Each structure stands twice: as C-alpha cells, then as structure tokens.
>>> print(open('data32.cif').read())   # mmCIF, N, CA and C atoms
data_my_file
#
loop_
_atom_site.group_PDB
_atom_site.id
_atom_site.type_symbol
_atom_site.label_atom_id
_atom_site.label_comp_id
_atom_site.auth_asym_id
_atom_site.auth_seq_id
_atom_site.Cartn_x
_atom_site.Cartn_y
_atom_site.Cartn_z
ATOM 1 N N MET A 86 200.843 -85.870 90.801
ATOM 2 C CA MET A 86 201.553 -85.324 89.660
ATOM 3 C C MET A 86 200.564 -84.799 88.616
ATOM 4 N N PHE A 87 199.458 -85.483 88.480
ATOM 5 C CA PHE A 87 198.454 -85.047 87.521
ATOM 6 C C PHE A 87 197.932 -83.657 87.871
ATOM 7 N N LEU A 88 197.707 -83.408 89.166
ATOM 8 C CA LEU A 88 197.207 -82.101 89.589
ATOM 9 C C LEU A 88 198.221 -80.994 89.343
ATOM 10 N N VAL A 89 199.499 -81.317 89.438
ATOM 11 C CA VAL A 89 200.535 -80.328 89.143
ATOM 12 C C VAL A 89 200.486 -79.933 87.670
ATOM 13 N N ILE A 90 200.323 -80.911 86.796
ATOM 14 C CA ILE A 90 200.249 -80.639 85.368
ATOM 15 C C ILE A 90 198.975 -79.850 85.038
ATOM 16 N N VAL A 91 197.873 -80.200 85.671
ATOM 17 C CA VAL A 91 196.626 -79.458 85.460
ATOM 18 C C VAL A 91 196.792 -78.012 85.927
ATOM 19 N N PHE A 92 197.434 -77.816 87.067
ATOM 20 C CA PHE A 92 197.677 -76.463 87.579
ATOM 21 C C PHE A 92 198.540 -75.663 86.622
ATOM 22 N N ALA A 93 199.567 -76.304 86.048
ATOM 23 C CA ALA A 93 200.433 -75.608 85.099
ATOM 24 C C ALA A 93 199.651 -75.192 83.855
ATOM 25 N N TRP A 94 198.802 -76.074 83.358
ATOM 26 C CA TRP A 94 197.998 -75.721 82.183
ATOM 27 C C TRP A 94 197.004 -74.612 82.501
ATOM 28 N N LEU A 95 196.457 -74.612 83.716
ATOM 29 C CA LEU A 95 195.556 -73.530 84.106
ATOM 30 C C LEU A 95 196.298 -72.197 84.187
ATOM 31 N N LEU A 96 197.545 -72.237 84.631
ATOM 32 C CA LEU A 96 198.350 -71.013 84.637
ATOM 33 C C LEU A 96 198.566 -70.499 83.219
ATOM 34 N N ILE A 97 198.887 -71.399 82.304
ATOM 35 C CA ILE A 97 199.125 -70.995 80.918
ATOM 36 C C ILE A 97 197.853 -70.430 80.298
ATOM 37 N N ILE A 98 196.743 -71.087 80.517
ATOM 38 C CA ILE A 98 195.469 -70.597 79.976
ATOM 39 C C ILE A 98 195.118 -69.242 80.593
ATOM 40 N N GLY A 99 195.355 -69.093 81.890
ATOM 41 C CA GLY A 99 195.107 -67.803 82.540
ATOM 42 C C GLY A 99 196.002 -66.703 81.985
ATOM 43 N N GLY A 100 197.238 -67.042 81.654
ATOM 44 C CA GLY A 100 198.137 -66.060 81.039
ATOM 45 C C GLY A 100 197.663 -65.630 79.670
ATOM 46 N N ILE A 101 197.151 -66.577 78.905
ATOM 47 C CA ILE A 101 196.619 -66.233 77.585
ATOM 48 C C ILE A 101 195.395 -65.337 77.723
ATOM 49 N N ILE A 102 194.550 -65.630 78.691
ATOM 50 C CA ILE A 102 193.376 -64.791 78.931
ATOM 51 C C ILE A 102 193.809 -63.388 79.376
ATOM 52 N N ALA A 103 194.877 -63.299 80.169
ATOM 53 C CA ALA A 103 195.375 -61.985 80.585
ATOM 54 C C ALA A 103 195.883 -61.199 79.385
ATOM 55 N N PHE A 104 196.554 -61.864 78.444
ATOM 56 C CA PHE A 104 197.006 -61.166 77.239
ATOM 57 C C PHE A 104 195.815 -60.718 76.392
ATOM 58 N N LEU A 105 194.760 -61.518 76.350
ATOM 59 C CA LEU A 105 193.555 -61.083 75.645
ATOM 60 C C LEU A 105 192.939 -59.864 76.340
ATOM 61 N N GLY A 106 192.969 -59.860 77.659
ATOM 62 C CA GLY A 106 192.504 -58.690 78.410
ATOM 63 C C GLY A 106 193.352 -57.463 78.111
ATOM 64 N N LEU A 107 194.649 -57.669 77.915
ATOM 65 C CA LEU A 107 195.540 -56.566 77.543
ATOM 66 C C LEU A 107 195.141 -55.992 76.192
ATOM 67 N N ILE A 108 194.851 -56.844 75.232
ATOM 68 C CA ILE A 108 194.440 -56.379 73.908
ATOM 69 C C ILE A 108 193.132 -55.600 73.999
ATOM 70 N N ILE A 109 192.197 -56.115 74.775
ATOM 71 C CA ILE A 109 190.915 -55.417 74.933
ATOM 72 C C ILE A 109 191.111 -54.072 75.639
ATOM 73 N N ALA A 110 191.959 -54.044 76.655
ATOM 74 C CA ALA A 110 192.196 -52.786 77.386
ATOM 75 C C ALA A 110 192.851 -51.747 76.484
ATOM 76 N N ILE A 111 193.756 -52.168 75.639
ATOM 77 C CA ILE A 111 194.401 -51.225 74.726
ATOM 78 C C ILE A 111 193.397 -50.736 73.680
ATOM 79 N N ALA A 112 192.590 -51.636 73.169
ATOM 80 C CA ALA A 112 191.629 -51.260 72.130
ATOM 81 C C ALA A 112 190.565 -50.292 72.655
ATOM 82 N N THR A 113 190.234 -50.393 73.926
ATOM 83 C CA THR A 113 189.180 -49.524 74.455
ATOM 84 C C THR A 113 189.721 -48.209 74.994
ATOM 85 N N SER A 114 191.039 -48.055 75.082
ATOM 86 C CA SER A 114 191.601 -46.809 75.621
ATOM 87 C C SER A 114 192.753 -46.316 74.751
ATOM 88 N N LEU A 115 192.544 -46.253 73.449
ATOM 89 C CA LEU A 115 193.616 -45.824 72.550
ATOM 90 C C LEU A 115 193.967 -44.346 72.704
ATOM 91 N N ASP A 116 193.074 -43.542 73.225
ATOM 92 C CA ASP A 116 193.341 -42.113 73.354
ATOM 93 C C ASP A 116 193.955 -41.735 74.704
ATOM 94 N N ASP A 117 194.070 -42.678 75.607
ATOM 95 C CA ASP A 117 194.563 -42.380 76.954
ATOM 96 C C ASP A 117 195.846 -43.175 77.201
ATOM 97 N N ASN A 118 196.981 -42.492 77.138
ATOM 98 C CA ASN A 118 198.270 -43.182 77.286
ATOM 99 C C ASN A 118 198.480 -43.733 78.689
ATOM 100 N N GLU A 119 197.928 -43.082 79.691
ATOM 101 C CA GLU A 119 198.085 -43.566 81.064
ATOM 102 C C GLU A 119 197.362 -44.899 81.255
ATOM 103 N N SER A 120 196.199 -45.031 80.663
ATOM 104 C CA SER A 120 195.460 -46.292 80.769
ATOM 105 C C SER A 120 196.189 -47.423 80.053
ATOM 106 N N ILE A 121 196.811 -47.105 78.920
ATOM 107 C CA ILE A 121 197.565 -48.132 78.191
ATOM 108 C C ILE A 121 198.758 -48.583 79.020
ATOM 109 N N GLY A 122 199.441 -47.638 79.657
ATOM 110 C CA GLY A 122 200.571 -48.001 80.523
ATOM 111 C C GLY A 122 200.134 -48.865 81.690
ATOM 112 N N TYR A 123 199.010 -48.519 82.294
ATOM 113 C CA TYR A 123 198.488 -49.324 83.399
ATOM 114 C C TYR A 123 198.111 -50.721 82.919
ATOM 115 N N ALA A 124 197.520 -50.804 81.722
ATOM 116 C CA ALA A 124 197.136 -52.116 81.181
ATOM 117 C C ALA A 124 198.366 -52.978 80.955
ATOM 118 N N PHE A 125 199.451 -52.397 80.436
ATOM 119 C CA PHE A 125 200.674 -53.170 80.240
ATOM 120 C C PHE A 125 201.246 -53.638 81.568
ATOM 121 N N LYS A 126 201.224 -52.740 82.567
ATOM 122 C CA LYS A 126 201.778 -53.125 83.865
ATOM 123 C C LYS A 126 200.961 -54.228 84.519
ATOM 124 N N PHE A 127 199.655 -54.182 84.345
ATOM 125 C CA PHE A 127 198.803 -55.152 85.026
ATOM 126 C C PHE A 127 198.630 -56.432 84.210
ATOM 127 N N TYR A 128 198.018 -56.301 83.039
ATOM 128 C CA TYR A 128 197.704 -57.492 82.249
ATOM 129 C C TYR A 128 198.948 -58.102 81.603
ATOM 130 N N GLY A 129 199.840 -57.264 81.115
ATOM 131 C CA GLY A 129 201.022 -57.781 80.436
ATOM 132 C C GLY A 129 201.938 -58.556 81.367
ATOM 133 N N VAL A 130 202.222 -57.974 82.521
ATOM 134 C CA VAL A 130 203.101 -58.644 83.485
ATOM 135 C C VAL A 130 202.434 -59.893 84.042
ATOM 136 N N GLN A 131 201.156 -59.793 84.345
ATOM 137 C CA GLN A 131 200.431 -60.952 84.867
ATOM 138 C C GLN A 131 200.415 -62.091 83.851
ATOM 139 N N GLY A 132 200.129 -61.768 82.602
ATOM 140 C CA GLY A 132 200.087 -62.796 81.564
ATOM 141 C C GLY A 132 201.447 -63.418 81.331
ATOM 142 N N PHE A 133 202.493 -62.583 81.294
ATOM 143 C CA PHE A 133 203.840 -63.098 81.055
ATOM 144 C C PHE A 133 204.270 -64.060 82.154
ATOM 145 N N PHE A 134 204.101 -63.647 83.410
ATOM 146 C CA PHE A 134 204.550 -64.498 84.505
ATOM 147 C C PHE A 134 203.695 -65.757 84.651
ATOM 148 N N ALA A 135 202.409 -65.656 84.365
ATOM 149 C CA ALA A 135 201.566 -66.855 84.435
ATOM 150 C C ALA A 135 202.001 -67.887 83.406
ATOM 151 N N ILE A 136 202.258 -67.438 82.184
ATOM 152 C CA ILE A 136 202.714 -68.371 81.148
ATOM 153 C C ILE A 136 204.105 -68.901 81.480
ATOM 154 N N ALA A 137 204.996 -68.021 81.935
ATOM 155 C CA ALA A 137 206.364 -68.448 82.253
ATOM 156 C C ALA A 137 206.378 -69.492 83.376
ATOM 157 N N PHE A 138 205.659 -69.222 84.460
ATOM 158 C CA PHE A 138 205.629 -70.181 85.564
ATOM 159 C C PHE A 138 204.936 -71.480 85.163
ATOM 160 N N GLY A 139 203.899 -71.375 84.332
ATOM 161 C CA GLY A 139 203.243 -72.583 83.844
ATOM 162 C C GLY A 139 204.192 -73.461 83.035
ATOM 163 N N LEU A 140 204.972 -72.824 82.166
ATOM 164 C CA LEU A 140 205.940 -73.596 81.365
ATOM 165 C C LEU A 140 207.045 -74.183 82.220
ATOM 166 N N ILE A 141 207.485 -73.431 83.225
ATOM 167 C CA ILE A 141 208.529 -73.948 84.131
ATOM 168 C C ILE A 141 208.000 -75.152 84.892
ATOM 169 N N ILE A 142 206.786 -75.062 85.400
ATOM 170 C CA ILE A 142 206.201 -76.188 86.144
ATOM 171 C C ILE A 142 206.052 -77.399 85.233
ATOM 172 N N LEU A 143 205.597 -77.164 83.992
ATOM 173 C CA LEU A 143 205.476 -78.285 83.055
ATOM 174 C C LEU A 143 206.823 -78.927 82.762
ATOM 175 N N ALA A 144 207.846 -78.118 82.605
ATOM 176 C CA ALA A 144 209.179 -78.653 82.317
ATOM 177 C C ALA A 144 209.710 -79.471 83.483
ATOM 178 N N VAL A 145 209.478 -78.999 84.706
ATOM 179 C CA VAL A 145 209.962 -79.734 85.884
ATOM 180 C C VAL A 145 209.122 -80.996 86.110
ATOM 181 N N ALA A 146 207.825 -80.892 85.867
ATOM 182 C CA ALA A 146 206.943 -82.039 86.120
ATOM 183 C C ALA A 146 207.185 -83.177 85.136
ATOM 184 N N ASN A 147 207.547 -82.822 83.926
ATOM 185 C CA ASN A 147 207.797 -83.883 82.940
ATOM 186 C C ASN A 147 209.229 -84.313 83.032
#
>>> encode(input="data32.cif", output="structure tokens")
Amino acid sequence: MFLVIVFAWLLIIGGIIAFLGLIIAIATSLDDNESIGYAFKFYGVQGFFAIAFGLIILAVAN
C-alpha cells in the first residue's frame, strides 16, 4: 500500500513538472501559435491526467 501512495505522489509531482514545462514552452514560443498549440496538447494534457490519476489513486488508497 505504501508503494501505491508513493506512486500516486510521483504522478502528481510529474504532473506539476509537466505544467511547468508547459509554461516554459509557452514563454519560449510566444510568436509561434502552432508551437503553443502543440505545447498545450502535449504538456497540458499530460500534466492534467497525471495529476488527476494521482489524486484518484490517493483517494482510493486512503
């Protein structure tokens, strides 16, 4: 059970890092709308689902 909780926290931390990557990707490509769209599709979706699944696992584990 401890490893499940650790895995959930790692998912949440990874999601936060993905959102930070999204901010960096947007900041470095403000003049290119296609790059911003790609960053949202990649980093935004990855970060959202990582945090969501991490919270779901934590809720079920507790």
>>> atom_distance(input="data32.cif", atom1="CA of Ile142 in chain A", atom2="atom N of Ala93 in chain A")
6.6 Å
>>> residues_around(input="data32.cif", residues="Ala124 in chain A", least_positions_apart="2", cutoff="12 Å", atoms="only C-alpha atoms", output="ChimeraX atom specification")
/A:103-115,117-122,126-132
>>> closest_residue(input="data32.cif", among="A:Asp116, A:Trp94, A:Phe87, A:Ile101", to="Leu143 in chain A", atoms="only N, CA and C atoms")
A:Trp94
>>> atom_distance(input="data32.cif", atom1="CA of Ile102 in chain A", atom2="CA of Met86 in chain A")
24.6 Å
>>> axis_aligned_box(input="data32.cif", around="range 103-119 of chain A", padding_each_side="5 Å", output="JSON")
{"center_x": 193.8, "center_y": -52.5, "center_z": 76.7, "size_x": 19.3, "size_y": 31.6, "size_z": 19.1}
>>> atom_distance(input="data32.cif", atom1="atom N of Phe133 in chain A", atom2="CA of Ala146 in chain A")
20.5 Å
>>> decode(input="data32.cif", residues="range 111-128 of chain A", atoms="N, CA and C atoms", output="compact mmCIF listing (two decimals), in the first residue's frame")
# COMPACT_ATOMS: atom_id res chain seq x y z
N ILE A 111 5.50 27.79 -23.54
CA ILE A 111 4.75 28.96 -23.99
C ILE A 111 5.63 30.20 -23.96
N ALA A 112 6.42 30.34 -22.92
CA ALA A 112 7.27 31.53 -22.79
C ALA A 112 8.35 31.59 -23.87
N THR A 113 8.79 30.44 -24.33
CA THR A 113 9.87 30.45 -25.33
C THR A 113 9.34 30.49 -26.76
N SER A 114 8.03 30.35 -26.95
CA SER A 114 7.49 30.36 -28.32
C SER A 114 6.24 31.24 -28.39
N LEU A 115 6.33 32.45 -27.88
CA LEU A 115 5.17 33.34 -27.88
C LEU A 115 4.79 33.82 -29.28
N ASP A 116 5.70 33.79 -30.22
CA ASP A 116 5.41 34.28 -31.57
C ASP A 116 4.91 33.17 -32.51
N ASP A 117 4.91 31.94 -32.06
CA ASP A 117 4.53 30.82 -32.92
C ASP A 117 3.30 30.13 -32.33
N ASN A 118 2.15 30.38 -32.94
CA ASN A 118 0.90 29.82 -32.40
C ASN A 118 0.83 28.30 -32.52
N GLU A 119 1.46 27.75 -33.54
CA GLU A 119 1.44 26.29 -33.71
C GLU A 119 2.22 25.61 -32.58
N SER A 120 3.32 26.19 -32.19
CA SER A 120 4.10 25.61 -31.09
C SER A 120 3.35 25.69 -29.77
N ILE A 121 2.61 26.78 -29.57
CA ILE A 121 1.83 26.91 -28.34
C ILE A 121 0.73 25.86 -28.31
N GLY A 122 0.08 25.64 -29.45
CA GLY A 122 -0.95 24.60 -29.52
C GLY A 122 -0.39 23.22 -29.25
N TYR A 123 0.78 22.94 -29.81
CA TYR A 123 1.42 21.65 -29.56
C TYR A 123 1.79 21.50 -28.09
N ALA A 124 2.27 22.59 -27.48
CA ALA A 124 2.65 22.54 -26.06
C ALA A 124 1.43 22.24 -25.21
N PHE A 125 0.28 22.86 -25.52
CA PHE A 125 -0.93 22.58 -24.75
C PHE A 125 -1.37 21.13 -24.92
N LYS A 126 -1.28 20.63 -26.17
CA LYS A 126 -1.70 19.25 -26.40
C LYS A 126 -0.79 18.26 -25.68
N PHE A 127 0.49 18.56 -25.63
CA PHE A 127 1.43 17.61 -25.04
C PHE A 127 1.56 17.80 -23.53
N TYR A 128 2.06 18.96 -23.13
CA TYR A 128 2.34 19.17 -21.71
C TYR A 128 1.06 19.37 -20.89
